[in-house]
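Participant: One file is attached below, protein-v5.cif, containing mmCIF, C-alpha atoms.
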data_protein
loop_
_atom_site.label_atom_id
_atom_site.label_comp_id
_atom_site.auth_asym_id
_atom_site.auth_seq_id
_atom_site.Cartn_x
_atom_site.Cartn_y
_atom_site.Cartn_z
CA MET A 227 -21.89 -260.60 -79.54
CA SER A 228 -22.05 -258.47 -82.60
CA SER A 229 -22.55 -255.17 -80.73
CA THR A 230 -20.39 -255.61 -77.67
CA PRO A 231 -19.29 -252.21 -76.44
CA PRO A 232 -15.56 -251.66 -76.69
CA ASN A 233 -15.39 -250.61 -73.01
CA PRO A 234 -16.63 -252.45 -69.95
CA PRO A 235 -19.95 -251.20 -68.47
CA ILE A 236 -19.72 -247.88 -66.62
CA PRO A 237 -19.21 -248.44 -62.91
CA PRO A 238 -22.27 -247.66 -60.76
CA GLN A 239 -20.51 -244.76 -58.98
CA PRO A 240 -19.53 -242.31 -61.72
CA ALA A 241 -18.74 -239.51 -59.26
CA GLY A 242 -15.29 -238.22 -59.91
CA THR A 243 -15.18 -239.26 -63.55
CA PRO A 244 -14.29 -236.47 -65.97
CA ARG A 245 -17.72 -236.76 -67.59
CA PHE A 246 -19.55 -236.14 -64.34
CA LEU A 247 -17.31 -233.22 -63.60
CA LEU A 248 -18.03 -231.72 -66.98
CA VAL A 249 -21.78 -231.97 -66.41
CA ALA A 250 -21.40 -230.41 -62.97
CA ILE A 251 -19.35 -227.53 -64.38
CA VAL A 252 -21.88 -226.89 -67.15
CA LEU A 253 -24.74 -226.91 -64.63
CA ALA A 254 -22.89 -224.54 -62.33
CA GLY A 255 -22.21 -222.27 -65.28
CA LEU A 256 -25.88 -222.25 -66.24
CA LEU A 257 -26.80 -221.40 -62.67
CA VAL A 258 -24.47 -218.40 -62.71
CA ILE A 259 -25.93 -217.20 -66.02
CA ALA A 260 -29.48 -217.66 -64.73
CA ALA A 261 -28.66 -215.72 -61.57
CA GLY A 262 -27.16 -212.95 -63.67
CA ALA A 263 -30.21 -212.82 -65.94
CA LEU A 264 -32.45 -212.69 -62.88
CA LEU A 265 -30.52 -209.73 -61.53
CA VAL A 266 -30.68 -207.95 -64.87
CA PHE A 267 -34.44 -208.39 -65.01
CA ALA A 268 -34.87 -207.31 -61.43
CA TYR A 269 -32.81 -204.22 -62.18
CA ARG A 270 -34.80 -203.42 -65.30
CA ASP A 271 -38.25 -203.97 -63.95
CA GLY A 272 -38.52 -203.20 -60.32
CA PRO A 273 -37.14 -201.58 -57.23
CA ARG A 274 -37.58 -204.78 -55.29
CA GLY A 275 -34.68 -206.56 -56.92
CA ALA A 276 -31.34 -206.60 -55.17
CA ALA A 277 -29.66 -204.64 -57.95
CA GLY A 278 -32.40 -202.04 -57.83
CA THR A 279 -31.81 -201.22 -54.19
CA LEU A 280 -28.07 -201.36 -54.70
CA LEU A 281 -28.14 -198.76 -57.44
CA ALA A 282 -30.94 -196.68 -56.00
CA SER A 283 -28.53 -194.49 -54.12
CA ALA A 284 -26.04 -194.19 -56.97
CA ILE A 285 -28.38 -192.39 -59.36
CA GLY A 286 -30.31 -189.26 -58.61
CA GLY A 287 -29.53 -186.62 -56.04
CA PRO A 288 -29.89 -182.97 -55.28
CA PHE A 289 -30.36 -180.46 -58.08
CA GLU A 290 -31.84 -177.01 -58.45
CA LEU A 291 -33.19 -176.01 -61.83
CA ILE A 292 -35.90 -173.82 -63.37
CA ASP A 293 -38.92 -175.15 -65.25
CA GLN A 294 -40.33 -173.82 -68.52
CA ASN A 295 -42.59 -171.42 -66.61
CA GLY A 296 -39.65 -169.90 -64.75
CA LYS A 297 -40.47 -171.67 -61.48
CA PRO A 298 -37.76 -173.38 -59.43
CA PHE A 299 -37.77 -177.17 -59.61
CA THR A 300 -35.58 -179.29 -57.35
CA ASP A 301 -35.10 -182.98 -56.60
CA ALA A 302 -37.67 -182.51 -53.80
CA ASP A 303 -40.31 -181.90 -56.49
CA LEU A 304 -39.78 -185.46 -57.74
CA LYS A 305 -41.38 -186.83 -54.60
CA GLY A 306 -45.00 -187.94 -54.41
CA LYS A 307 -45.15 -189.20 -57.99
CA TRP A 308 -43.30 -191.53 -60.32
CA HIS A 309 -41.07 -189.68 -62.78
CA LEU A 310 -39.30 -190.38 -66.03
CA VAL A 311 -36.14 -188.27 -66.01
CA PHE A 312 -33.94 -187.82 -69.06
CA PHE A 313 -31.56 -185.36 -70.63
CA GLY A 314 -31.48 -183.84 -74.12
CA TYR A 315 -31.55 -180.55 -75.99
CA THR A 316 -33.75 -178.86 -78.53
CA HIS A 317 -31.04 -178.56 -81.19
CA CYS A 318 -31.11 -182.35 -81.44
CA PRO A 319 -33.65 -183.05 -84.16
CA ASP A 320 -33.08 -186.75 -84.64
CA VAL A 321 -33.51 -188.64 -81.38
CA CYS A 322 -34.67 -186.17 -78.70
CA PRO A 323 -38.11 -185.45 -80.23
CA THR A 324 -38.72 -189.14 -80.88
CA THR A 325 -37.82 -190.01 -77.30
CA LEU A 326 -40.22 -187.36 -75.97
CA ASN A 327 -42.89 -188.69 -78.28
CA GLU A 328 -42.38 -192.34 -77.27
CA VAL A 329 -42.59 -191.34 -73.62
CA SER A 330 -45.74 -189.41 -74.38
CA LEU A 331 -47.27 -192.42 -76.18
CA ALA A 332 -46.26 -194.71 -73.32
CA LEU A 333 -48.17 -192.51 -70.85
CA ASP A 334 -51.22 -192.60 -73.14
CA ARG A 335 -51.18 -196.37 -72.88
CA LEU A 336 -51.28 -196.20 -69.09
CA GLY A 337 -54.82 -194.82 -69.12
CA LYS A 338 -55.83 -193.44 -65.72
CA LYS A 339 -52.49 -194.40 -64.20
CA ARG A 340 -50.74 -191.78 -66.28
CA GLU A 341 -51.63 -189.26 -63.60
CA GLN A 342 -49.13 -191.04 -61.38
CA VAL A 343 -46.20 -190.43 -63.72
CA GLY A 344 -44.46 -187.14 -64.43
CA VAL A 345 -42.02 -186.51 -67.28
CA VAL A 346 -38.90 -184.43 -66.66
CA PHE A 347 -36.72 -183.35 -69.58
CA ILE A 348 -33.47 -181.68 -68.51
CA THR A 349 -31.53 -179.73 -71.12
CA VAL A 350 -27.80 -180.31 -71.53
CA ASP A 351 -27.64 -177.06 -73.53
CA PRO A 352 -28.72 -174.31 -71.12
CA GLU A 353 -27.15 -171.59 -73.27
CA ARG A 354 -29.59 -172.14 -76.12
CA ASP A 355 -32.42 -173.83 -74.21
CA THR A 356 -33.90 -171.07 -72.11
CA PRO A 357 -37.11 -171.72 -70.15
CA GLU A 358 -39.01 -169.78 -72.85
CA SER A 359 -37.72 -171.86 -75.74
CA LEU A 360 -38.26 -175.07 -73.78
CA LYS A 361 -41.85 -174.05 -73.09
CA SER A 362 -42.86 -173.94 -76.75
CA TYR A 363 -40.79 -177.05 -77.48
CA VAL A 364 -42.43 -179.37 -74.97
CA ALA A 365 -45.90 -177.94 -75.61
CA SER A 366 -45.81 -179.84 -78.93
CA PHE A 367 -45.98 -183.20 -77.18
CA ASP A 368 -49.16 -184.72 -75.84
CA ALA A 369 -47.91 -185.55 -72.38
CA PRO A 370 -47.33 -182.76 -69.89
CA VAL A 371 -43.56 -182.44 -69.74
CA THR A 372 -41.59 -180.50 -67.17
CA ALA A 373 -38.65 -179.06 -69.09
CA LEU A 374 -35.77 -177.89 -66.93
CA SER A 375 -32.92 -175.50 -67.57
CA GLY A 376 -30.68 -173.41 -65.37
CA SER A 377 -27.18 -172.00 -65.23
CA PRO A 378 -24.46 -174.16 -66.81
CA ASP A 379 -23.31 -175.06 -63.28
CA GLN A 380 -26.79 -176.07 -62.18
CA VAL A 381 -27.25 -178.24 -65.26
CA ALA A 382 -23.83 -179.84 -64.72
CA GLU A 383 -24.81 -180.60 -61.13
CA ALA A 384 -28.05 -182.29 -62.21
CA ALA A 385 -26.19 -184.32 -64.86
CA ARG A 386 -23.65 -185.37 -62.23
CA ALA A 387 -26.41 -186.50 -59.90
CA TYR A 388 -27.80 -188.73 -62.65
CA ARG A 389 -24.39 -189.90 -63.85
CA VAL A 390 -25.16 -188.42 -67.26
CA TYR A 391 -22.21 -187.56 -69.43
CA PHE A 392 -22.49 -184.54 -71.69
CA ALA A 393 -19.96 -182.56 -73.69
CA LYS A 394 -20.21 -179.70 -76.13
CA ARG A 395 -18.54 -180.33 -79.44
CA LYS A 396 -17.81 -177.33 -81.68
CA ARG A 397 -18.42 -177.64 -85.35
CA ALA A 398 -16.44 -175.96 -88.11
CA ASP A 399 -19.21 -173.40 -88.69
CA GLY A 400 -19.18 -172.21 -85.08
CA ASN A 401 -22.32 -174.11 -84.10
CA TYR A 402 -22.08 -176.98 -81.70
CA ASP A 403 -23.63 -180.32 -80.85
CA VAL A 404 -23.91 -181.77 -77.39
CA ASP A 405 -22.98 -185.41 -76.96
CA HIS A 406 -25.04 -186.73 -74.10
CA GLY A 407 -26.18 -189.80 -72.22
CA ALA A 408 -29.55 -190.88 -73.53
CA VAL A 409 -30.83 -193.09 -70.72
CA ILE A 410 -34.35 -192.53 -69.39
CA TYR A 411 -34.42 -192.97 -65.61
CA VAL A 412 -37.51 -194.18 -63.80
CA MET A 413 -37.68 -192.62 -60.33
CA ASP A 414 -40.18 -193.84 -57.74
CA PRO A 415 -42.46 -191.57 -55.65
CA GLN A 416 -39.74 -191.37 -52.99
CA GLY A 417 -37.41 -189.98 -55.64
CA ARG A 418 -35.36 -193.20 -55.76
CA PHE A 419 -33.88 -194.59 -58.94
CA THR A 420 -35.82 -197.66 -59.96
CA ALA A 421 -35.30 -198.66 -63.60
CA THR A 422 -34.02 -197.44 -66.92
CA PHE A 423 -35.31 -197.23 -70.47
CA THR A 424 -33.30 -196.35 -73.54
CA PRO A 425 -34.38 -194.30 -76.58
CA ASP A 426 -34.86 -197.67 -78.32
CA THR A 427 -37.44 -198.83 -75.79
CA THR A 428 -40.81 -198.73 -77.54
CA ALA A 429 -43.78 -196.90 -76.04
CA GLU A 430 -45.52 -200.25 -75.66
CA LEU A 431 -42.69 -201.77 -73.63
CA MET A 432 -42.29 -198.63 -71.51
CA ALA A 433 -46.02 -198.73 -70.74
CA GLN A 434 -45.85 -202.41 -69.80
CA ARG A 435 -42.95 -201.91 -67.43
CA LEU A 436 -44.45 -198.77 -65.92
CA ALA A 437 -47.80 -200.52 -65.39
CA LYS A 438 -45.97 -203.29 -63.53
CA LEU A 439 -44.14 -200.78 -61.34
CA LEU A 440 -47.27 -198.79 -60.59
CA SER A 441 -49.33 -201.80 -59.56
CA MET B 187 -0.05 -200.39 -123.96
CA PRO B 188 -2.95 -199.46 -126.17
CA LYS B 189 -5.39 -201.73 -124.32
CA ILE B 190 -5.76 -199.68 -121.17
CA PRO B 191 -6.90 -196.38 -122.69
CA LEU B 192 -9.36 -198.33 -124.77
CA ALA B 193 -10.81 -200.06 -121.70
CA LEU B 194 -10.94 -196.76 -119.87
CA ALA B 195 -12.71 -195.08 -122.73
CA GLY B 196 -15.15 -197.97 -122.84
CA ALA B 197 -15.85 -197.71 -119.12
CA LEU B 198 -16.36 -193.97 -119.37
CA LEU B 199 -18.67 -194.37 -122.31
CA PHE B 200 -20.59 -197.05 -120.47
CA SER B 201 -21.01 -195.01 -117.30
CA ALA B 202 -22.02 -191.93 -119.25
CA ALA B 203 -24.63 -193.96 -121.06
CA ALA B 204 -25.92 -195.48 -117.83
CA MET B 205 -26.18 -192.06 -116.27
CA ALA B 206 -28.08 -190.58 -119.15
CA GLN B 207 -30.35 -193.55 -119.28
CA THR B 208 -31.45 -193.47 -115.65
CA ALA B 209 -30.83 -189.81 -114.88
CA GLY B 210 -28.35 -191.07 -112.30
CA VAL B 211 -30.26 -191.31 -109.07
CA ALA B 212 -33.70 -192.15 -107.73
CA VAL B 213 -34.77 -190.40 -104.55
CA THR B 214 -37.76 -191.88 -102.72
CA ASP B 215 -39.53 -191.75 -99.35
CA ALA B 216 -38.41 -188.22 -98.54
CA TRP B 217 -39.92 -187.16 -95.24
CA ALA B 218 -39.27 -184.84 -92.33
CA ARG B 219 -40.55 -184.59 -88.79
CA ALA B 220 -42.72 -181.67 -87.71
CA THR B 221 -40.70 -179.47 -85.38
CA PRO B 222 -41.79 -178.76 -81.81
CA GLY B 223 -42.41 -175.13 -80.85
CA ARG B 224 -39.83 -172.74 -82.17
CA ALA B 225 -37.14 -175.38 -82.58
CA GLU B 226 -34.42 -174.04 -84.84
CA VAL B 227 -33.49 -177.42 -86.23
CA GLY B 228 -35.35 -180.21 -87.94
CA ALA B 229 -34.52 -183.60 -89.40
CA ALA B 230 -35.26 -185.05 -92.83
CA TYR B 231 -34.80 -188.54 -94.21
CA LEU B 232 -34.92 -190.22 -97.60
CA THR B 233 -33.74 -193.14 -99.69
CA ILE B 234 -31.36 -192.69 -102.62
CA GLU B 235 -30.45 -195.26 -105.18
CA ALA B 236 -27.76 -194.41 -107.71
CA ALA B 237 -27.53 -196.41 -110.91
CA VAL B 238 -23.80 -195.77 -111.08
CA ALA B 239 -21.65 -195.13 -108.05
CA ASP B 240 -22.09 -191.51 -107.00
CA ARG B 241 -21.78 -189.28 -103.97
CA LEU B 242 -24.26 -186.97 -102.29
CA THR B 243 -22.11 -183.92 -101.68
CA GLY B 244 -24.47 -181.16 -100.68
CA LEU B 245 -27.97 -180.12 -99.73
CA SER B 246 -29.98 -176.96 -99.44
CA THR B 247 -33.56 -175.91 -98.82
CA PRO B 248 -35.38 -172.59 -98.91
CA VAL B 249 -36.97 -173.36 -95.50
CA ALA B 250 -33.72 -173.36 -93.53
CA ASP B 251 -30.37 -171.59 -93.52
CA LYS B 252 -28.57 -174.86 -94.04
CA ALA B 253 -29.17 -178.53 -94.69
CA GLU B 254 -26.38 -180.77 -93.45
CA LEU B 255 -25.59 -184.45 -93.46
CA HIS B 256 -25.28 -185.85 -89.97
CA MET B 257 -24.51 -189.23 -88.59
CA MET B 258 -26.10 -190.04 -85.27
CA THR B 259 -24.43 -192.75 -83.23
CA THR B 260 -25.04 -194.17 -79.78
CA GLU B 261 -22.03 -195.66 -78.09
CA GLY B 262 -22.17 -196.82 -74.50
CA GLY B 263 -25.45 -194.93 -74.10
CA ILE B 264 -23.94 -191.64 -75.32
CA MET B 265 -25.64 -189.99 -78.27
CA ARG B 266 -23.34 -188.23 -80.66
CA MET B 267 -23.91 -186.32 -83.88
CA THR B 268 -21.16 -186.09 -86.44
CA PRO B 269 -21.42 -183.86 -89.52
CA LEU B 270 -20.45 -185.58 -92.78
CA ALA B 271 -19.15 -183.88 -95.91
CA ALA B 272 -20.62 -186.44 -98.29
CA VAL B 273 -22.37 -189.79 -98.49
CA ASP B 274 -21.14 -192.51 -100.81
CA LEU B 275 -23.79 -194.05 -103.02
CA PRO B 276 -22.71 -197.46 -104.29
CA ALA B 277 -24.12 -198.43 -107.67
CA GLY B 278 -27.53 -200.05 -107.47
CA GLN B 279 -27.63 -200.13 -103.68
CA PRO B 280 -30.27 -198.01 -101.97
CA VAL B 281 -28.91 -195.85 -99.16
CA THR B 282 -31.54 -194.97 -96.56
CA LEU B 283 -31.25 -192.01 -94.24
CA LYS B 284 -33.28 -192.83 -91.14
CA PRO B 285 -33.85 -191.87 -87.50
CA GLY B 286 -31.03 -192.80 -85.15
CA ALA B 287 -28.54 -193.03 -88.01
CA LEU B 288 -27.65 -190.98 -91.05
CA HIS B 289 -29.98 -188.00 -91.42
CA ILE B 290 -30.32 -184.55 -92.89
CA MET B 291 -30.27 -181.81 -90.30
CA LEU B 292 -32.07 -178.62 -91.26
CA VAL B 293 -30.33 -175.82 -89.39
CA GLY B 294 -31.86 -172.40 -88.85
CA LEU B 295 -35.46 -173.17 -89.78
CA LYS B 296 -37.23 -170.04 -90.97
CA GLN B 297 -40.58 -171.44 -89.83
CA PRO B 298 -41.61 -174.52 -87.89
CA LEU B 299 -42.21 -177.58 -90.07
CA GLN B 300 -45.93 -178.40 -89.92
CA PRO B 301 -47.43 -181.87 -90.33
CA GLY B 302 -48.78 -182.40 -93.85
CA GLN B 303 -46.60 -179.68 -95.31
CA SER B 304 -44.34 -180.36 -98.27
CA VAL B 305 -40.98 -178.61 -98.44
CA PRO B 306 -38.45 -178.49 -101.27
CA LEU B 307 -35.00 -179.97 -100.80
CA ILE B 308 -32.18 -179.63 -103.29
CA LEU B 309 -29.63 -182.43 -103.47
CA ARG B 310 -26.27 -182.12 -105.18
CA PHE B 311 -24.57 -185.23 -106.52
CA GLU B 312 -21.02 -185.53 -107.72
CA LYS B 313 -22.07 -187.12 -111.01
CA ALA B 314 -25.83 -186.82 -111.31
CA GLY B 315 -25.86 -183.08 -110.75
CA THR B 316 -28.59 -181.25 -108.87
CA ARG B 317 -31.99 -182.62 -108.06
CA GLU B 318 -34.94 -180.94 -106.36
CA ILE B 319 -37.37 -183.11 -104.46
CA ALA B 320 -40.40 -182.58 -102.21
CA VAL B 321 -40.14 -183.65 -98.58
CA THR B 322 -43.38 -184.55 -96.82
CA VAL B 323 -43.59 -183.45 -93.20
CA GLY B 324 -44.98 -186.05 -90.79
CA THR B 325 -46.03 -185.63 -87.18
CA VAL B 326 -43.72 -184.39 -84.44
CA GLY B 327 -43.13 -187.99 -83.32
CA ALA B 328 -42.93 -189.57 -86.79
CA THR B 329 -40.34 -192.31 -87.09
CA ALA B 330 -40.98 -193.33 -90.70
CA PRO B 331 -42.53 -191.89 -93.87
CA GLU B 332 -46.27 -191.67 -93.42
CA SER B 333 -47.51 -194.16 -96.02
CA HIS B 334 -44.70 -196.57 -95.47
CA ALA B 335 -46.78 -199.58 -96.47
CA GLY B 336 -46.62 -198.29 -100.05
CA GLY B 337 -43.40 -198.51 -101.94
CA GLY B 338 -44.06 -196.33 -104.96
CA ALA B 339 -41.31 -194.05 -106.18
CA HIS B 340 -43.27 -190.84 -105.83
CA ARG B 341 -45.69 -190.18 -103.07
CA GLN B 342 -48.26 -187.45 -103.08
CA PRO B 343 -47.27 -184.84 -100.55
CA GLY B 344 -49.85 -183.63 -98.06
CA HIS B 345 -53.15 -185.32 -97.32
#
Could you rewrite the structure in this file as C-alpha cells?
Facilitator:
Amino acid sequence: MSSTPPNPPIPPQPAGTPRFLLVAIVLAGLLVIAAGALLVFAYRDGPRGAAGTLLASAIGGPFELIDQNGKPFTDADLKGKWHLVFFGYTHCPDVCPTTLNEVSLALDRLGKKREQVGVVFITVDPERDTPESLKSYVASFDAPVTALSGSPDQVAEAARAYRVYFAKRKRADGNYDVDHGAVIYVMDPQGRFTATFTPDTTAELMAQRLAKLLS
Amino acid sequence: MPKIPLALAGALLFSAAAMAQTAGVAVTDAWARATPGRAEVGAAYLTIEAAVADRLTGLSTPVADKAELHMMTTEGGIMRMTPLAAVDLPAGQPVTLKPGALHIMLVGLKQPLQPGQSVPLILRFEKAGTREIAVTVGTVGATAPESHAGGGAHRQPGH
C-alpha cells in the first residue's frame, strides 16, 4: 500500500477528458504543419505539386526584349527548353556575378542534361546595360547565358510578368544602384513557372533539384 | 576634480602606446573578384582587426575612380546596396567584409580585374592613419579568398 496512486485508476473510456483532447489537438496541429511542409517542398521541387500548378500562372508572361547579339527575344523563346530566369545588372559587383557563376556551376554538374537548360539574365538597368555591354559581361561565365535588355518600358514589363520588384536609387555622387528582386525562377519547357532558387542556393543544390525536374 | 583629467590623460597615454605598439590595425585576407567583360565596377573584401577602437573612413585605389564602402542587404528577396561613410572597428574584434554583406565597391574600373592579379588598395583610418595593402584578384565567381584554408597574416599575391 506504500505506492497507492492518489487518484483512482483512469476510467477505460478516456474520450472527452482534457488530456485526450490535448493529444488530439497536438496531433491535428502536427498534421497541419506536415501538410504545409509538404506543400512547400512540392512548390520548391516540382511542377506536379498543388502549389506549383497554382502559382504557375502567376509568374511569367509576355515580354519582348533584345538579347546580347541584338536579336529579339520574347517569352515564346522560353519554350522547348527548361530555363533559369533571373534579374540583375552589371553595376552590381557583389551578388550578381556570384549568382551567374553558381548557376553556371550548377549546369556543369548536370553533365549531358545541361543542354536542356537555358539561362536568361534580364537587366533591371537598361540605361547602362546595353546589349553590347551585356555581351562581354556574360561571356565571362562558363555557361551560355542569354542576357536581355530593352527599352525601360520593355524591361518594366518583363519584371512585372515575373513579379520582380526593382527601383533605381540615386546616390549622392549622381550614380545610382538598382534595388531588385533576386529570385531565380525555374521555367519548364512549356514556359510555365515551376520552382525558385535564391542567390543563397548552392550550385550543388540547384543541380540536384534541376536533375530531379529534368528526369 | 583633479581625478578626471588624470584618468583621461592616462587613457590617452595608454591608447597612444597601444597604437604605436601594434601600428593600429591588421588587414588580412584582402581579395577581389575578377570582373566580367567590361564591367565598370568590381568588389573587394578583407578582414580588419584594430588593436584600439578605430574607424575605416575612406578608401582609394589606382585601378578605379573610386573605392566605396557598401552594405548589401537582402530583405524579402530584394537586394539592396547602401553606401556607408565609415565602418566602426571595435578594439580587438576582427571585422570581415564579405560577399552578400559589407564590401568595397570599386567604381569606374580603368581595366578589368584579372584573376591572379594583385592591385593596391589604400585604406584610411581615423586613428591608425593610411595603410596601403595588396588585394589578390580571384576568379570571376570567387566567393572567398583563394587560399582560405591558410590563416597567415600576409598571403603571397598571384600564383
Participant: Using only C-alpha atoms, pick whichever of B:Val238, B:Leu255, B:Val249, B:Ala216 has the shortest atom-to-atom distance to chain A.
Facilitator: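 Result for the nearest residue to chain A: B:Leu255.
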Participant: Using all atoms listed in the file, which protein or nucleic acid residues come within 6 Å of Gln279 in chain B? Drop anything in the same chain fewer than 2 positions from it, and give the result as a list of chain:residue names.
Facilitator: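 Here the answer would be B:Glu235, B:Pro276, B:Ala277.
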Participant: Leaving out Lys313 in chain B and any residue of its chain fewer than 4 positions from it, which residues lie within 8 Å of it when counting all atoms listed in the file, given as a count of residues only?
Facilitator: 3
Participant: Residues of chain A no more than 7 Å from chain B, counting all atoms listed in the file: send them over as an mmCIF file with C-alpha atoms, in the frame of the given file.
Facilitator:
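Listing of selection_3.cif after writing:
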data_model
loop_
_atom_site.group_PDB
_atom_site.id
_atom_site.type_symbol
_atom_site.label_atom_id
_atom_site.label_comp_id
_atom_site.auth_asym_id
_atom_site.auth_seq_id
_atom_site.Cartn_x
_atom_site.Cartn_y
_atom_site.Cartn_z
ATOM 1 C CA THR A 316 -33.750 -178.860 -78.530
ATOM 2 C CA HIS A 317 -31.040 -178.560 -81.190
ATOM 3 C CA PRO A 319 -33.650 -183.050 -84.160
ATOM 4 C CA ASP A 320 -33.080 -186.750 -84.640
ATOM 5 C CA VAL A 321 -33.510 -188.640 -81.380
ATOM 6 C CA PRO A 323 -38.110 -185.450 -80.230
ATOM 7 C CA THR A 324 -38.720 -189.140 -80.880
ATOM 8 C CA ASN A 327 -42.890 -188.690 -78.280
ATOM 9 C CA SER A 359 -37.720 -171.860 -75.740
ATOM 10 C CA SER A 362 -42.860 -173.940 -76.750
ATOM 11 C CA TYR A 363 -40.790 -177.050 -77.480
ATOM 12 C CA VAL A 364 -42.430 -179.370 -74.970
ATOM 13 C CA ALA A 365 -45.900 -177.940 -75.610
ATOM 14 C CA SER A 366 -45.810 -179.840 -78.930
ATOM 15 C CA ASP A 403 -23.630 -180.320 -80.850
ATOM 16 C CA ASP A 405 -22.980 -185.410 -76.960
ATOM 17 C CA HIS A 406 -25.040 -186.730 -74.100
ATOM 18 C CA GLY A 407 -26.180 -189.800 -72.220
ATOM 19 C CA ALA A 408 -29.550 -190.880 -73.530
ATOM 20 C CA VAL A 409 -30.830 -193.090 -70.720
#
Participant: Between CA of Thr427 in chain A and CA of Ala218 in chain B, measure the distance and give it in Å to one decimal.
Facilitator: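 It comes out at 21.7 Å.
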Participant: One decimal, Å: what's the distance from CA of Thr247 in chain B over to CA of Gln300 in chain B, could you say?
Facilitator: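 Interatomic distance, CA of Thr247 in chain B to CA of Gln300 in chain B: 15.4 Å.
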